[in-house]
Amino acid sequence: MTTVQHISAGRRVKDRLAQGLVYLAFALAVVPLVSVLWLVIKNGLARFDLEFLTHSMRNIGARDAGGGAYHAIIGTLEQVLLASLISVPIGLLTAIYLTEYGNGGRLSRAISFFVDVMTGVPSVVTGLFVLAFWILFLGMPFSGLAGALALSILMMPTVVRSAEEMLRLVPNDLREASYALGVAKWRTIVKVVLPTAFTGIVTGVMLAVARVAGETAPLLLTVFFTDSINNDPFSGPQMGLPLYVFDQAGRPNDTAIDRAWTGALTLILIVMLLNLVARLIAWWRSAARGR
Amino acid sequence: MSKQIQVSGLDAYYGSHKAIEDVSMTIEPRSITAFIGPSGCGKSTFLRTLNRMHEVIPGARVEGKVLLDGEDLYGSTVEPVSVRRSIGMVFQRPNPFPTMSIYENVAAGLRLNGRVSKSESDGIVEESLKGANLWNEVKDRLNKPGAGLSGGQQQRLCIARAIAVKPQVLLMDEPCSALDPISTLAIEDLMVKLKDEYTIVIVTHNMQQAARVSDRTAFFNLDGQGKPGKVVEMDETSRMFTNPSQKATEDYITGRFG
């Protein structure tokens, strides 16, 4: 009488095969990532110096070496910050409505639908929209703010979707525990639901930031273009790093091409740095409660 | 502190489905009342109508009257939030807030309602944890997360959290079903101790538990699948378990069905 069966040779082979395929798929997925990073770092390091980080392109001739992306870095930081300031509150409130108040009603289904539609809007269309509405119709000037508006339209659906997912992950038990203590619904959301979902929401916001930080098309039509430093995102043309890369890469000189690579490297670094900061915040928060 | 609950002609619905029908009973202060009955017969639903937690579920509604010392909890001007403040609840699964420490969990009801000083909340936290027989186990690690405790400790933490807001009634929805026998005993001892101060209502699937701790027992049953649950019989626990007046009660208690 044998009750214990041994694993057959066939299953062993299949197991190995499946394992091999998983590793292969992983390697295939990593190849583009590593090669992009490698190329950008290799080509970008040449000009990654203090001058690049502290100077603009003002008075740099077509064939001159030197120059930098300070104006573009400032522009990108300000535009992304403004876009986040606009889209994070709206996106978060939308997600709260959808998860806590909507109850699958007609309005919440409509909002869900339009958020999905927004996710699919090509980035250049958001730029065109801001150009047509904000700049041409309302007569506002080209500015960092106009760029931020276009970016915030891109960010919003990502923020809504990720925050919604995170809020739905909060167990209903916790909401009920809070209600049972005689805590009002909005306080339950602010003090129990949001803190529980905090880490996930931060990650979602960072993903959205990373997505829009590299957008070129919406900026092209809204912040216009400049070689000079403009610290004020509310008036006058600004620059952005993606736009800078786009511009420099299109020029015929090697000096410009080098600057484009370094611009790309800087952009990657900025996004990585922002992600790191977000991780630190999340880590610090969970460490604060002793875990 | 302890108050009497009088329920008359209470129906509860989930959407168009009637979950319980025409329940009337009196729950005496300073005593433990147990609800027993097969799964799905509406015990928990009924319990949740007593502190207006039932209506938290989308589509759920209640008809009928629940009087707390003569005051109708379902009166049109009654604020559900204040009802829940005076009628606390402990759930089947321990559910401490994961983002909060042990201290913050106990103080949650006070702090979230925004009205205490540090020294005041220190006192209430200690008193509540002592009341829940948990103080000695956690007094040295009040700032550690509540989720790090064992299941039984977490449940006592939830009880401490519930009594910290000083309710008049404590509702417990199968508070021991996720716990081992030793933790169950600890909670049962605690219930007996708490009944001096609170009106306690407990839903349980464990008939020995009902027999051990409760003063009065109500037996819930339903006529068939999809039919609403009803109270078959309610009496002194000793009489329910020795000499029930209804055949269905006897069948259930003696294990002939359910």
# chains A, B, ... in the order shown; residues from 1 in each chain; ligands from 1
$ residues_around --residues "Ile60 of chain A" --least-positions-apart "3" --cutoff "12 Å" --atoms "only C-alpha atoms" --output "PyMOL selection string"
chain A and resi 55-57+63-69+227-228+255-256
$ write_last_selection --atoms "N, CA and C atoms" --output "short mmCIF file (atom, residue, chain, number, x, y, z; two decimals), in the first residue's frame"
data_model
loop_
_atom_site.label_atom_id
_atom_site.label_comp_id
_atom_site.auth_asym_id
_atom_site.auth_seq_id
_atom_site.Cartn_x
_atom_site.Cartn_y
_atom_site.Cartn_z
N HIS A 55 24.34 76.53 -14.81
CA HIS A 55 24.25 77.55 -15.87
C HIS A 55 23.11 77.26 -16.84
N SER A 56 22.64 78.35 -17.45
CA SER A 56 21.60 78.18 -18.46
C SER A 56 22.24 78.16 -19.85
N MET A 57 21.44 78.27 -20.87
CA MET A 57 21.96 78.26 -22.24
C MET A 57 22.05 79.67 -22.81
N ARG A 63 27.62 76.45 -31.79
CA ARG A 63 28.65 75.42 -31.75
C ARG A 63 29.46 75.41 -30.46
N ASP A 64 29.10 76.32 -29.53
CA ASP A 64 29.88 76.43 -28.30
C ASP A 64 29.72 75.19 -27.43
N ALA A 65 30.83 74.86 -26.77
CA ALA A 65 30.71 73.86 -25.70
C ALA A 65 30.19 74.58 -24.46
N GLY A 66 30.09 73.90 -23.33
CA GLY A 66 29.62 74.54 -22.11
C GLY A 66 28.13 74.70 -22.10
N GLY A 67 27.66 75.64 -21.30
CA GLY A 67 26.22 75.79 -21.14
C GLY A 67 25.68 74.72 -20.23
N GLY A 68 24.44 74.90 -19.85
CA GLY A 68 23.88 73.93 -18.91
C GLY A 68 22.39 73.91 -18.95
N ALA A 69 21.82 73.25 -17.96
CA ALA A 69 20.38 73.03 -17.95
C ALA A 69 19.74 73.58 -16.69
N ASP A 227 16.02 79.99 -23.42
CA ASP A 227 17.39 79.60 -23.09
C ASP A 227 17.83 80.26 -21.79
N SER A 228 16.98 81.11 -21.24
CA SER A 228 17.36 81.87 -20.05
C SER A 228 16.64 81.34 -18.81
N THR A 255 28.45 69.00 -29.24
CA THR A 255 28.33 69.63 -27.92
C THR A 255 26.88 69.63 -27.47
N ALA A 256 25.98 69.89 -28.41
CA ALA A 256 24.55 69.91 -28.07
C ALA A 256 24.06 68.49 -27.75
#
$ residues_around --residues "Ala148 of chain A" --least-positions-apart "3" --cutoff "7 Å" --atoms "only C-alpha atoms" --output "PDB file with C-alpha atoms, in the first residue's frame"
ATOM      1  CA  GLN A  79       6.135  72.739 -13.197  1.00  0.00           C
ATOM      2  CA  VAL A  80       5.957  69.300 -11.593  1.00  0.00           C
ATOM      3  CA  LEU A  82       2.613  73.040  -9.451  1.00  0.00           C
ATOM      4  CA  ALA A  83       1.081  70.136 -11.362  1.00  0.00           C
ATOM      5  CA  GLY A 144       5.318  77.329 -16.403  1.00  0.00           C
ATOM      6  CA  LEU A 145       1.828  77.393 -14.959  1.00  0.00           C
ATOM      7  CA  LEU A 151       0.752  68.048 -16.785  1.00  0.00           C
ATOM      8  CA  SER A 152      -1.860  68.043 -14.029  1.00  0.00           C
TER       9      SER A 152
END
$ interface_residues --of "chain A" --to "chain B" --cutoff "8 Å" --atoms "only C-alpha atoms" --output "PyMOL selection string"
chain A and resi 103+173-174+176-184+187-188+191-192+195-196+289-291
$ closest_residue --among "B:Glu250, B:Glu188, B:Asp69, B:Glu55" --to "Val7 of chain B" --atoms "only C-alpha atoms"
B:Asp69
$ residues_around --residues "segment 88-91 of chain A" --least-positions-apart "2" --cutoff "8 Å" --atoms "only C-alpha atoms" --output "list in words"
Ser84, Leu85, Ile86, Leu93, Thr94, Ala95, Met156, Pro157, Val159, Val160, Ala163 and Val205 of chain A
$ select_by_dssp --residues "segment 2-205 of chain B" --states "alpha helix (DSSP H)" --output "count of residues only"
71
$ closest_atom_pairs --of "segment 217-261 of chain A" --to "segment 116-128 of chain A" --cutoff "8 Å" --atoms "only C-alpha atoms" --output "tab-separated table"
residue	atom	partner	partner_atom	distance
A:Ala217	CA	A:Val124	CA	4.9
A:Pro218	CA	A:Gly127	CA	3.8
A:Leu219	CA	A:Gly127	CA	6.6
A:Leu220	CA	A:Gly127	CA	7.6
A:Leu221	CA	A:Gly127	CA	5.7
A:Thr222	CA	A:Gly127	CA	6.3
$ closest_residue --among "B:Tyr198, B:Tyr252, B:Tyr13, B:Tyr74" --to "Phe46 of chain B" --atoms "only C-alpha atoms"
B:Tyr13
$ atom_distance --atom1 "atom CA of Phe219 of chain B" --atom2 "atom CA of Arg239 of chain B"
12.3 Å
$ residues_around --residues "Met166 of chain A" --least-positions-apart "3" --cutoff "12 Å" --atoms "only C-alpha atoms" --output "PyMOL selection string"
chain A and resi 92+95-96+98-99+159-163+169-171+193-205
$ residues_around --residues "segment 229-242 of chain A" --least-positions-apart "3" --cutoff "8 Å" --atoms "only C-alpha atoms" --output "PyMOL selection string"
chain A and resi 56+69-76+78-79+141-145+213-216+219+223-226+245-246+263-264+267
$ write_last_selection --atoms "C-alpha atoms" --output "short mmCIF file (atom, residue, chain, number, x, y, z; two decimals), in the first residue's frame"
data_model
loop_
_atom_site.label_atom_id
_atom_site.label_comp_id
_atom_site.auth_asym_id
_atom_site.auth_seq_id
_atom_site.Cartn_x
_atom_site.Cartn_y
_atom_site.Cartn_z
CA SER A 56 21.60 78.18 -18.46
CA ALA A 69 20.38 73.03 -17.95
CA TYR A 70 19.88 75.03 -14.77
CA HIS A 71 16.95 76.87 -16.33
CA ALA A 72 15.40 73.57 -17.43
CA ILE A 73 15.88 71.92 -14.00
CA ILE A 74 14.25 74.87 -12.26
CA GLY A 75 11.45 74.79 -14.81
CA THR A 76 10.82 71.07 -14.46
CA GLU A 78 8.44 74.13 -10.54
CA GLN A 79 6.13 72.74 -13.20
CA PRO A 141 0.63 84.04 -21.47
CA PHE A 142 2.91 81.08 -22.10
CA SER A 143 4.21 80.13 -18.69
CA GLY A 144 5.32 77.33 -16.40
CA LEU A 145 1.83 77.39 -14.96
CA ALA A 213 8.26 64.70 -15.27
CA GLY A 214 9.37 63.22 -18.57
CA GLU A 215 6.53 64.56 -20.69
CA THR A 216 7.66 66.72 -23.61
CA LEU A 219 5.26 71.44 -22.47
CA VAL A 223 5.67 76.75 -21.59
CA PHE A 224 6.97 77.83 -24.96
CA PHE A 225 10.70 77.78 -24.82
CA THR A 226 13.63 79.72 -23.48
CA VAL A 245 16.66 67.22 -24.19
CA PHE A 246 14.35 67.42 -27.18
CA GLY A 263 19.86 66.42 -19.59
CA ALA A 264 18.33 62.95 -19.84
CA LEU A 267 15.97 63.93 -15.45
#
$ closest_residue --among "B:Ala211, B:Thr254, B:Ile182, B:Glu127" --to "Lys139 of chain B" --atoms "only C-alpha atoms"
B:Glu127
$ select_by_dssp --residues "segment 56-144 of chain B" --states "strand (DSSP E)" --output "number ranges by chain"
B: 60-68, 71-72, 87-90
$ closest_residue --among "B:Glu236, B:Asp180, B:Glu126, B:Glu137" --to "Gly152 of chain B" --atoms "only C-alpha atoms"
B:Asp180
